[in-house]
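**Q** Following this line is upload31.csv, made up of CSV, C-alpha atoms:
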chain,number,residue,atom,x,y,z
A,77,ALA,CA,0.0,0.0,0.0
A,78,GLN,CA,1.1,3.5,-0.7
A,79,SER,CA,2.2,5.9,2.0
A,80,VAL,CA,2.8,9.6,1.8
A,81,THR,CA,5.0,11.5,4.1
A,82,GLN,CA,5.0,15.3,4.4
A,83,LEU,CA,8.2,16.1,6.2
A,84,ASP,CA,7.1,19.3,7.8
A,85,SER,CA,4.0,19.7,9.8
A,86,GLN,CA,4.3,23.4,10.0
A,87,VAL,CA,6.2,25.9,7.9
A,88,PRO,CA,6.3,29.6,9.0
A,89,VAL,CA,7.7,32.1,6.4
A,90,PHE,CA,7.7,35.8,5.9
A,91,GLU,CA,5.8,37.4,3.0
A,92,GLU,CA,7.7,37.5,-0.3
A,93,ALA,CA,10.1,34.7,0.8
A,94,PRO,CA,10.4,31.5,-1.2
A,95,VAL,CA,8.9,28.3,0.2
A,96,GLU,CA,9.3,24.6,-0.3
A,97,LEU,CA,6.9,22.0,1.1
A,98,ARG,CA,8.3,18.5,1.0
A,99,CYS,CA,6.5,15.3,0.1
A,100,ASN,CA,7.8,11.8,-0.3
A,101,TYR,CA,5.8,8.7,-1.2
A,102,SER,CA,6.6,5.0,-0.8
A,103,SER,CA,6.7,3.7,-4.3
A,104,SER,CA,7.3,5.1,-7.8
A,105,VAL,CA,5.5,2.3,-9.5
A,106,SER,CA,2.7,3.7,-11.6
A,107,VAL,CA,1.3,6.6,-9.5
A,108,TYR,CA,-0.2,10.0,-10.1
A,109,LEU,CA,0.6,12.9,-7.8
A,110,PHE,CA,-1.4,15.8,-6.5
A,111,TRP,CA,-1.2,18.7,-4.2
A,112,TYR,CA,-4.3,20.1,-2.6
A,113,VAL,CA,-4.8,23.2,-0.6
A,114,GLN,CA,-7.3,23.8,2.2
A,115,TYR,CA,-7.9,27.4,3.3
A,116,PRO,CA,-9.3,27.9,6.8
A,117,ASN,CA,-12.9,26.5,7.1
A,118,GLN,CA,-13.0,25.4,3.5
A,119,GLY,CA,-12.8,22.2,1.5
A,120,LEU,CA,-9.9,20.9,-0.5
A,121,GLN,CA,-8.9,22.6,-3.8
A,122,LEU,CA,-6.6,21.1,-6.3
A,123,LEU,CA,-3.4,23.1,-6.7
A,124,LEU,CA,-1.6,20.9,-9.3
A,125,LYS,CA,-1.2,17.4,-10.6
A,126,TYR,CA,1.4,15.2,-12.2
A,127,LEU,CA,0.1,12.5,-14.5
A,128,SER,CA,2.9,12.2,-17.1
A,129,GLY,CA,5.3,14.1,-19.2
A,130,SER,CA,7.4,17.0,-17.9
A,131,THR,CA,8.5,16.5,-14.3
A,132,LEU,CA,8.0,20.2,-13.5
A,133,VAL,CA,4.3,21.0,-13.2
A,134,LYS,CA,2.8,24.4,-12.7
A,135,GLY,CA,-0.4,25.0,-10.8
A,136,ILE,CA,-2.6,27.8,-9.7
A,137,ASN,CA,-1.5,30.8,-7.6
A,138,GLY,CA,2.1,30.6,-8.8
A,139,PHE,CA,2.8,27.2,-7.2
A,140,GLU,CA,4.9,24.5,-9.0
A,141,ALA,CA,6.1,21.0,-8.1
A,142,GLU,CA,8.8,18.7,-9.4
A,143,PHE,CA,8.3,15.0,-9.7
A,144,ASN,CA,11.5,13.1,-8.9
A,145,LYS,CA,11.1,9.4,-9.6
A,146,SER,CA,14.4,8.3,-8.2
A,147,GLN,CA,13.9,10.0,-4.9
A,148,THR,CA,10.1,9.3,-4.9
A,149,SER,CA,9.5,13.0,-4.1
A,150,PHE,CA,7.0,15.6,-5.2
A,151,HIS,CA,8.0,18.8,-3.5
A,152,LEU,CA,5.9,21.9,-3.8
A,153,ARG,CA,7.5,25.3,-4.3
A,154,LYS,CA,6.6,29.0,-4.7
A,155,PRO,CA,9.3,31.7,-5.3
A,156,SER,CA,7.4,34.4,-3.4
A,157,VAL,CA,4.6,33.8,-1.0
A,158,HIS,CA,1.7,36.1,0.0
A,159,ILE,CA,-0.3,36.4,3.2
A,160,SER,CA,-3.2,34.8,1.3
A,161,ASP,CA,-1.2,31.6,0.8
A,162,THR,CA,-1.6,30.8,4.5
A,163,ALA,CA,-3.4,27.4,4.5
A,164,GLU,CA,-2.9,23.7,4.9
A,165,TYR,CA,-1.4,21.8,2.0
A,166,PHE,CA,-1.8,18.1,1.3
A,167,CYS,CA,0.2,15.9,-0.9
A,168,ALA,CA,-1.6,12.9,-2.3
A,169,VAL,CA,-0.8,9.9,-4.4
A,170,ARG,CA,-3.3,7.9,-6.5
A,171,ASP,CA,-2.4,4.4,-7.3
A,172,ASN,CA,-2.4,3.2,-10.9
A,173,ALA,CA,-0.9,-0.3,-10.2
A,174,GLY,CA,-4.1,-2.3,-10.4
A,175,GLY,CA,-5.6,-4.6,-7.8
A,176,THR,CA,-7.6,-3.6,-4.8
A,177,SER,CA,-5.9,-0.3,-4.4
A,178,TYR,CA,-6.5,0.9,-7.9
A,179,GLY,CA,-7.7,4.5,-8.0
A,180,LYS,CA,-7.2,5.0,-4.2
A,181,LEU,CA,-6.1,8.5,-3.2
A,182,THR,CA,-3.7,8.4,-0.3
A,183,PHE,CA,-2.9,11.7,1.5
A,184,GLY,CA,0.0,12.9,3.5
A,185,GLN,CA,-0.4,14.3,7.0
A,186,GLY,CA,-0.6,17.9,5.8
A,187,THR,CA,1.7,20.9,6.1
A,188,ILE,CA,0.4,24.1,7.6
A,189,LEU,CA,2.0,27.1,5.8
A,190,THR,CA,1.8,30.3,7.8
A,191,VAL,CA,2.9,33.5,6.0
A,192,HIS,CA,3.8,36.4,8.3
A,193,PRO,CA,3.9,40.0,7.2
B,175,GLU,CA,-22.0,25.2,-11.3
B,176,ALA,CA,-20.2,21.9,-10.8
B,177,GLN,CA,-20.1,21.0,-7.2
B,178,VAL,CA,-20.2,18.4,-4.4
B,179,THR,CA,-22.6,19.4,-1.7
B,180,GLN,CA,-22.5,18.0,1.8
B,181,ASN,CA,-25.1,18.6,4.6
B,182,PRO,CA,-25.0,19.5,7.3
B,183,ARG,CA,-21.8,21.6,7.5
B,184,TYR,CA,-21.8,21.4,11.3
B,185,LEU,CA,-23.3,18.8,13.6
B,186,ILE,CA,-23.2,18.2,17.3
B,187,THR,CA,-24.7,15.0,18.6
B,188,VAL,CA,-24.6,12.5,21.5
B,189,THR,CA,-23.2,9.0,21.7
B,190,GLY,CA,-25.5,6.4,20.1
B,191,LYS,CA,-27.8,8.7,18.2
B,192,LYS,CA,-27.9,7.6,14.6
B,193,LEU,CA,-27.1,10.2,12.1
B,194,THR,CA,-26.7,10.6,8.3
B,195,VAL,CA,-24.5,13.0,6.4
B,196,THR,CA,-25.6,13.6,2.9
B,197,CYS,CA,-23.4,14.1,-0.1
B,198,SER,CA,-24.6,15.0,-3.6
B,199,GLN,CA,-22.8,15.8,-6.8
B,200,ASN,CA,-24.1,17.3,-10.0
B,201,MET,CA,-21.4,16.2,-12.4
B,202,ASN,CA,-22.7,12.8,-13.2
B,203,HIS,CA,-19.6,11.2,-11.7
B,204,GLU,CA,-19.4,7.5,-11.2
B,205,TYR,CA,-16.8,7.5,-8.4
B,206,MET,CA,-17.6,8.8,-5.0
B,207,SER,CA,-15.7,8.6,-1.7
B,208,TRP,CA,-15.8,9.6,2.0
B,209,TYR,CA,-12.8,10.7,4.0
B,210,ARG,CA,-12.2,11.8,7.5
B,211,GLN,CA,-9.6,14.4,8.4
B,212,ASP,CA,-7.9,14.4,11.8
B,213,PRO,CA,-5.0,16.6,12.9
B,214,GLY,CA,-1.6,15.1,12.1
B,215,LEU,CA,-3.2,12.2,10.2
B,216,GLY,CA,-4.3,13.9,7.0
B,217,LEU,CA,-7.3,12.5,5.2
B,218,ARG,CA,-8.1,8.8,5.4
B,219,GLN,CA,-10.6,7.1,3.2
B,220,ILE,CA,-13.7,5.6,4.9
B,221,TYR,CA,-15.7,4.1,2.0
B,222,TYR,CA,-15.8,4.5,-1.7
B,223,SER,CA,-18.1,3.7,-4.5
B,224,MET,CA,-17.2,2.9,-8.1
B,225,ASN,CA,-20.8,3.2,-9.3
B,226,VAL,CA,-24.4,2.7,-8.3
B,227,GLU,CA,-24.8,-0.2,-6.0
B,228,VAL,CA,-21.0,-0.8,-5.9
B,229,THR,CA,-19.4,0.2,-2.6
B,230,ASP,CA,-16.2,-0.9,-0.8
B,231,LYS,CA,-14.3,-0.3,2.4
B,232,GLY,CA,-11.5,2.2,2.6
B,233,ASP,CA,-8.9,2.4,5.3
B,234,VAL,CA,-11.1,3.2,8.3
B,235,PRO,CA,-14.6,1.8,7.7
B,236,GLU,CA,-15.4,0.7,11.3
B,237,GLY,CA,-18.5,2.4,12.6
B,238,TYR,CA,-19.7,3.7,9.3
B,239,LYS,CA,-22.1,2.6,6.6
B,240,VAL,CA,-22.8,4.0,3.1
B,241,SER,CA,-25.2,3.4,0.3
B,242,ARG,CA,-25.3,4.3,-3.4
B,243,LYS,CA,-28.8,3.9,-4.7
B,244,GLU,CA,-28.5,6.8,-7.1
B,245,LYS,CA,-25.5,8.1,-9.0
B,246,ARG,CA,-25.6,11.6,-7.6
B,247,ASN,CA,-26.0,10.7,-3.9
B,248,PHE,CA,-23.6,8.9,-1.5
B,249,PRO,CA,-24.8,9.3,2.2
B,250,LEU,CA,-22.6,8.4,5.1
B,251,ILE,CA,-24.4,6.7,8.0
B,252,LEU,CA,-23.3,6.5,11.6
B,253,GLU,CA,-25.6,4.0,13.2
B,254,SER,CA,-24.2,4.5,16.7
B,255,PRO,CA,-21.8,7.4,16.8
B,256,SER,CA,-19.0,7.4,19.4
B,257,PRO,CA,-16.7,10.2,20.5
B,258,ASN,CA,-13.8,8.8,18.5
B,259,GLN,CA,-15.8,9.7,15.4
B,260,THR,CA,-15.6,13.3,16.1
B,261,SER,CA,-13.8,14.6,13.0
B,262,LEU,CA,-14.0,16.6,9.8
B,263,TYR,CA,-15.6,14.6,7.0
B,264,PHE,CA,-15.2,15.2,3.3
B,265,CYS,CA,-17.1,13.7,0.4
B,266,ALA,CA,-15.4,13.6,-3.0
B,267,SER,CA,-16.3,12.5,-6.5
B,268,SER,CA,-14.5,11.9,-9.8
B,269,ARG,CA,-15.6,11.0,-13.3
B,270,THR,CA,-14.6,7.4,-12.8
B,271,GLY,CA,-12.2,5.4,-10.6
B,272,ASP,CA,-9.4,6.0,-13.2
B,273,PRO,CA,-6.5,7.4,-11.2
B,274,LYS,CA,-6.1,10.2,-13.8
B,275,ASN,CA,-9.4,11.7,-12.9
B,276,ILE,CA,-9.4,14.6,-10.5
B,277,GLN,CA,-11.4,14.2,-7.3
B,278,TYR,CA,-13.6,17.1,-6.4
B,279,PHE,CA,-14.3,17.7,-2.7
B,280,GLY,CA,-17.2,19.1,-0.8
B,281,ALA,CA,-16.8,21.8,1.8
B,282,GLY,CA,-16.7,19.4,4.7
B,283,THR,CA,-18.9,18.4,7.7
B,284,ARG,CA,-17.6,19.0,11.1
B,285,LEU,CA,-19.0,16.4,13.5
B,286,SER,CA,-18.8,16.5,17.3
B,287,VAL,CA,-20.0,13.4,19.2
B,288,LEU,CA,-20.4,14.1,22.9
Would you mind giving the structure from this file in structure tokens?
**A**
Amino acid sequence: AQSVTQLDSQVPVFEEAPVELRCNYSSSVSVYLFWYVQYPNQGLQLLLKYLSGSTLVKGINGFEAEFNKSQTSFHLRKPSVHISDTAEYFCAVRDNAGGTSYGKLTFGQGTILTVHP
Amino acid sequence: EAQVTQNPRYLITVTGKKLTVTCSQNMNHEYMSWYRQDPGLGLRQIYYSMNVEVTDKGDVPEGYKVSRKEKRNFPLILESPSPNQTSLYFCASSRTGDPKNIQYFGAGTRLSVL
């Protein structure tokens, strides 16, 4: 079964600083990768996804992520954050390997990003 | 507007009192799923449904039931809620179970069981 580890539970940064939220998953065999964002008191919104092709994917709000198969990582980055980026971010992996776990979406524990003025 | 609608958004109940959280989607999606979100644990899948009358257990199904009689609705039933089911619940749907399909999430239901 897949597992997803988000290495930082909380990341505080100052406005306009760069940020990286780290995500590692357990197996590189046939998976699709996603980052979701959850703003306070709201549901989950898709930030970006990697299905195939270029390993650098761009999402909404200036975020991007890089798929690294050899390191089984999918870190999220933004070169300059805003106060409005304060939210909880979830990395997720969807299994494409077949069997009983086919299609299952497995989430990491979440990283709370707090942007300070 | 394409959306997944959950009701109620907030619910406080007492141990043992049966409750149902409704979930409805207007996108004609085949695949629907329920998750619970707990601090430090992320989201964990409770049950999912690949299509009408097809449901299966996720990672944490104990104490929950679901049904899928119609394509658009996927209610979550707690027959005898307990305090350890206090959590934030999300319903999600996608076009099919194909892993490429994006899952769309409802706004969440915050449940407190006293």
**Q** What is the distance, in Å and to one decimal place, between atom CA of Asp272 of chain B and atom CA of Lys125 of chain A?
**A**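 Here the two named atoms are 14.3 Å from each other.
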**Q** Quick one: contact table of chain B to chain A, 10 Å max, nearest atom pair and distance in Å to one decimal per residue, counting only C-alpha atoms, chain and number order, as a Markdown table?
**A**
| residue | atom | partner | partner_atom | distance |
| --- | --- | --- | --- | --- |
| B:Tyr205 | CA | A:Gly179 | CA | 9.6 |
| B:Ser207 | CA | A:Lys180 | CA | 9.6 |
| B:Gln211 | CA | A:Gln185 | CA | 9.3 |
| B:Asp212 | CA | A:Gln185 | CA | 8.9 |
| B:Pro213 | CA | A:Gln185 | CA | 7.8 |
| B:Gly214 | CA | A:Gln185 | CA | 5.3 |
| B:Leu215 | CA | A:Gln185 | CA | 4.7 |
| B:Gly216 | CA | A:Gln185 | CA | 3.9 |
| B:Leu217 | CA | A:Phe183 | CA | 5.8 |
| B:Arg218 | CA | A:Phe183 | CA | 7.1 |
| B:Gln219 | CA | A:Thr182 | CA | 7.8 |
| B:Tyr222 | CA | A:Lys180 | CA | 9.0 |
| B:Met224 | CA | A:Gly179 | CA | 9.6 |
| B:Asp230 | CA | A:Thr176 | CA | 9.9 |
| B:Gly232 | CA | A:Lys180 | CA | 8.5 |
| B:Asp233 | CA | A:Thr182 | CA | 9.7 |
| B:Tyr263 | CA | A:Gly119 | CA | 9.8 |
| B:Phe264 | CA | A:Gly119 | CA | 7.6 |
| B:Cys265 | CA | A:Gly119 | CA | 9.6 |
| B:Ala266 | CA | A:Leu120 | CA | 9.5 |
| B:Thr270 | CA | A:Gly179 | CA | 8.9 |
| B:Gly271 | CA | A:Gly179 | CA | 5.3 |
| B:Asp272 | CA | A:Gly179 | CA | 5.7 |
| B:Pro273 | CA | A:Gly179 | CA | 4.5 |
| B:Lys274 | CA | A:Leu127 | CA | 6.6 |
| B:Asn275 | CA | A:Gly179 | CA | 8.9 |
| B:Ile276 | CA | A:Leu122 | CA | 8.2 |
| B:Gln277 | CA | A:Leu122 | CA | 8.5 |
| B:Tyr278 | CA | A:Gln121 | CA | 7.7 |
| B:Phe279 | CA | A:Leu120 | CA | 5.9 |
| B:Gly280 | CA | A:Gly119 | CA | 5.9 |
| B:Ala281 | CA | A:Gly119 | CA | 4.0 |
| B:Gly282 | CA | A:Gly119 | CA | 5.8 |
| B:Thr283 | CA | A:Gly119 | CA | 9.5 |
| B:Arg284 | CA | A:Asn117 | CA | 9.7 |
**Q** Record the distance separating atom CA of Leu124 of chain A and atom CA of Pro193 of chain A, expressed in Å with one decimal.
**A**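 These two atoms are separated by 25.8 Å.
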**Q** How many Å lie between atom CA of Val157 of chain A and atom CA of Ile188 of chain A, rounded to one decimal?
**A**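 It comes out at 13.6 Å.
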**Q** What lies within 9 Å of Pro155 of chain A using all atoms listed in the file, ignoring chain neighbours under 6 positions off, as a list of chain:residue names?
**A** A:Glu92, A:Ala93, A:Pro94, A:Val95, A:Glu96, A:Gly138, A:Phe139
**Q** For Leu123 of chain A, which of A:Phe90, A:Lys145, A:Ser79, A:Arg153 is the closest residue, counting only C-alpha atoms?
**A**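 Residue with the minimum atom-to-atom distance to Leu123 of chain A: A:Arg153.
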**Q** Need the shell around segment 235-247 of chain B: protein/DNA/RNA residues with any atom at most 10 Å away, counting all atoms listed in the file. Skip same-chain ones fewer than 4 positions apart. Format as a JSON list (two decimals) with C-alpha atoms, keeping the file's coordinate frame?
**A**
[["chain", "number", "residue", "atom", "x", "y", "z"],
["B", 178, "VAL", "CA", -20.20, 18.40, -4.40],
["B", 179, "THR", "CA", -22.60, 19.40, -1.70],
["B", 180, "GLN", "CA", -22.50, 18.00, 1.80],
["B", 194, "THR", "CA", -26.70, 10.60, 8.30],
["B", 195, "VAL", "CA", -24.50, 13.00, 6.40],
["B", 196, "THR", "CA", -25.60, 13.60, 2.90],
["B", 197, "CYS", "CA", -23.40, 14.10, -0.10],
["B", 198, "SER", "CA", -24.60, 15.00, -3.60],
["B", 199, "GLN", "CA", -22.80, 15.80, -6.80],
["B", 200, "ASN", "CA", -24.10, 17.30, -10.00],
["B", 201, "MET", "CA", -21.40, 16.20, -12.40],
["B", 202, "ASN", "CA", -22.70, 12.80, -13.20],
["B", 203, "HIS", "CA", -19.60, 11.20, -11.70],
["B", 204, "GLU", "CA", -19.40, 7.50, -11.20],
["B", 205, "TYR", "CA", -16.80, 7.50, -8.40],
["B", 206, "MET", "CA", -17.60, 8.80, -5.00],
["B", 207, "SER", "CA", -15.70, 8.60, -1.70],
["B", 208, "TRP", "CA", -15.80, 9.60, 2.00],
["B", 209, "TYR", "CA", -12.80, 10.70, 4.00],
["B", 218, "ARG", "CA", -8.10, 8.80, 5.40],
["B", 219, "GLN", "CA", -10.60, 7.10, 3.20],
["B", 220, "ILE", "CA", -13.70, 5.60, 4.90],
["B", 221, "TYR", "CA", -15.70, 4.10, 2.00],
["B", 222, "TYR", "CA", -15.80, 4.50, -1.70],
["B", 223, "SER", "CA", -18.10, 3.70, -4.50],
["B", 224, "MET", "CA", -17.20, 2.90, -8.10],
["B", 225, "ASN", "CA", -20.80, 3.20, -9.30],
["B", 226, "VAL", "CA", -24.40, 2.70, -8.30],
["B", 227, "GLU", "CA", -24.80, -0.20, -6.00],
["B", 228, "VAL", "CA", -21.00, -0.80, -5.90],
["B", 229, "THR", "CA", -19.40, 0.20, -2.60],
["B", 230, "ASP", "CA", -16.20, -0.90, -0.80],
["B", 231, "LYS", "CA", -14.30, -0.30, 2.40],
["B", 251, "ILE", "CA", -24.40, 6.70, 8.00],
["B", 252, "LEU", "CA", -23.30, 6.50, 11.60],
["B", 253, "GLU", "CA", -25.60, 4.00, 13.20],
["B", 254, "SER", "CA", -24.20, 4.50, 16.70],
["B", 255, "PRO", "CA", -21.80, 7.40, 16.80],
["B", 256, "SER", "CA", -19.00, 7.40, 19.40],
["B", 258, "ASN", "CA", -13.80, 8.80, 18.50],
["B", 259, "GLN", "CA", -15.80, 9.70, 15.40],
["B", 267, "SER", "CA", -16.30, 12.50, -6.50]]
**Q** Supply segment 135-153 of chain A as a PDB file, in the frame of the given file, with N, CA and C atoms built in where the input has gaps.
**A**
ATOM      1  N   GLY A 135       0.981  24.965 -11.231  1.00  0.00           N
ATOM      2  CA  GLY A 135      -0.400  25.000 -10.800  1.00  0.00           C
ATOM      3  C   GLY A 135      -0.952  26.363 -10.645  1.00  0.00           C
ATOM      4  N   ILE A 136      -2.015  26.454  -9.862  1.00  0.00           N
ATOM      5  CA  ILE A 136      -2.600  27.800  -9.700  1.00  0.00           C
ATOM      6  C   ILE A 136      -1.861  28.566  -8.619  1.00  0.00           C
ATOM      7  N   ASN A 137      -2.095  29.860  -8.623  1.00  0.00           N
ATOM      8  CA  ASN A 137      -1.500  30.800  -7.600  1.00  0.00           C
ATOM      9  C   ASN A 137      -0.023  30.783  -7.572  1.00  0.00           C
ATOM     10  N   GLY A 138       0.638  30.467  -8.700  1.00  0.00           N
ATOM     11  CA  GLY A 138       2.100  30.600  -8.800  1.00  0.00           C
ATOM     12  C   GLY A 138       2.854  29.403  -8.189  1.00  0.00           C
ATOM     13  N   PHE A 139       2.167  28.352  -7.770  1.00  0.00           N
ATOM     14  CA  PHE A 139       2.800  27.200  -7.200  1.00  0.00           C
ATOM     15  C   PHE A 139       3.323  26.259  -8.357  1.00  0.00           C
ATOM     16  N   GLU A 140       4.399  25.536  -8.060  1.00  0.00           N
ATOM     17  CA  GLU A 140       4.900  24.500  -9.000  1.00  0.00           C
ATOM     18  C   GLU A 140       5.447  23.359  -8.136  1.00  0.00           C
ATOM     19  N   ALA A 141       5.562  22.202  -8.769  1.00  0.00           N
ATOM     20  CA  ALA A 141       6.100  21.000  -8.100  1.00  0.00           C
ATOM     21  C   ALA A 141       6.925  20.223  -9.057  1.00  0.00           C
ATOM     22  N   GLU A 142       7.901  19.527  -8.518  1.00  0.00           N
ATOM     23  CA  GLU A 142       8.800  18.700  -9.400  1.00  0.00           C
ATOM     24  C   GLU A 142       8.702  17.268  -8.947  1.00  0.00           C
ATOM     25  N   PHE A 143       8.391  16.423  -9.914  1.00  0.00           N
ATOM     26  CA  PHE A 143       8.300  15.000  -9.700  1.00  0.00           C
ATOM     27  C   PHE A 143       9.737  14.419  -9.865  1.00  0.00           C
ATOM     28  N   ASN A 144      10.217  13.742  -8.840  1.00  0.00           N
ATOM     29  CA  ASN A 144      11.500  13.100  -8.900  1.00  0.00           C
ATOM     30  C   ASN A 144      11.340  11.619  -8.613  1.00  0.00           C
ATOM     31  N   LYS A 145      11.387  10.836  -9.692  1.00  0.00           N
ATOM     32  CA  LYS A 145      11.100   9.400  -9.600  1.00  0.00           C
ATOM     33  C   LYS A 145      12.120   8.672  -8.748  1.00  0.00           C
ATOM     34  N   SER A 146      13.378   9.027  -8.924  1.00  0.00           N
ATOM     35  CA  SER A 146      14.400   8.300  -8.200  1.00  0.00           C
ATOM     36  C   SER A 146      14.401   8.540  -6.727  1.00  0.00           C
ATOM     37  N   GLN A 147      13.962   9.728  -6.339  1.00  0.00           N
ATOM     38  CA  GLN A 147      13.900  10.000  -4.900  1.00  0.00           C
ATOM     39  C   GLN A 147      12.455   9.893  -4.384  1.00  0.00           C
ATOM     40  N   THR A 148      11.566   9.461  -5.220  1.00  0.00           N
ATOM     41  CA  THR A 148      10.100   9.300  -4.900  1.00  0.00           C
ATOM     42  C   THR A 148       9.648  10.554  -4.116  1.00  0.00           C
ATOM     43  N   SER A 149       9.887  11.720  -4.737  1.00  0.00           N
ATOM     44  CA  SER A 149       9.500  13.000  -4.100  1.00  0.00           C
ATOM     45  C   SER A 149       8.658  13.805  -5.045  1.00  0.00           C
ATOM     46  N   PHE A 150       7.886  14.709  -4.463  1.00  0.00           N
ATOM     47  CA  PHE A 150       7.000  15.600  -5.200  1.00  0.00           C
ATOM     48  C   PHE A 150       6.896  16.885  -4.412  1.00  0.00           C
ATOM     49  N   HIS A 151       7.983  17.646  -4.319  1.00  0.00           N
ATOM     50  CA  HIS A 151       8.000  18.800  -3.500  1.00  0.00           C
ATOM     51  C   HIS A 151       7.312  20.011  -4.147  1.00  0.00           C
ATOM     52  N   LEU A 152       6.629  20.779  -3.335  1.00  0.00           N
ATOM     53  CA  LEU A 152       5.900  21.900  -3.800  1.00  0.00           C
ATOM     54  C   LEU A 152       6.682  23.210  -3.529  1.00  0.00           C
ATOM     55  N   ARG A 153       6.709  24.136  -4.489  1.00  0.00           N
ATOM     56  CA  ARG A 153       7.500  25.300  -4.300  1.00  0.00           C
ATOM     57  C   ARG A 153       6.725  26.567  -4.787  1.00  0.00           C
TER      58      ARG A 153
END
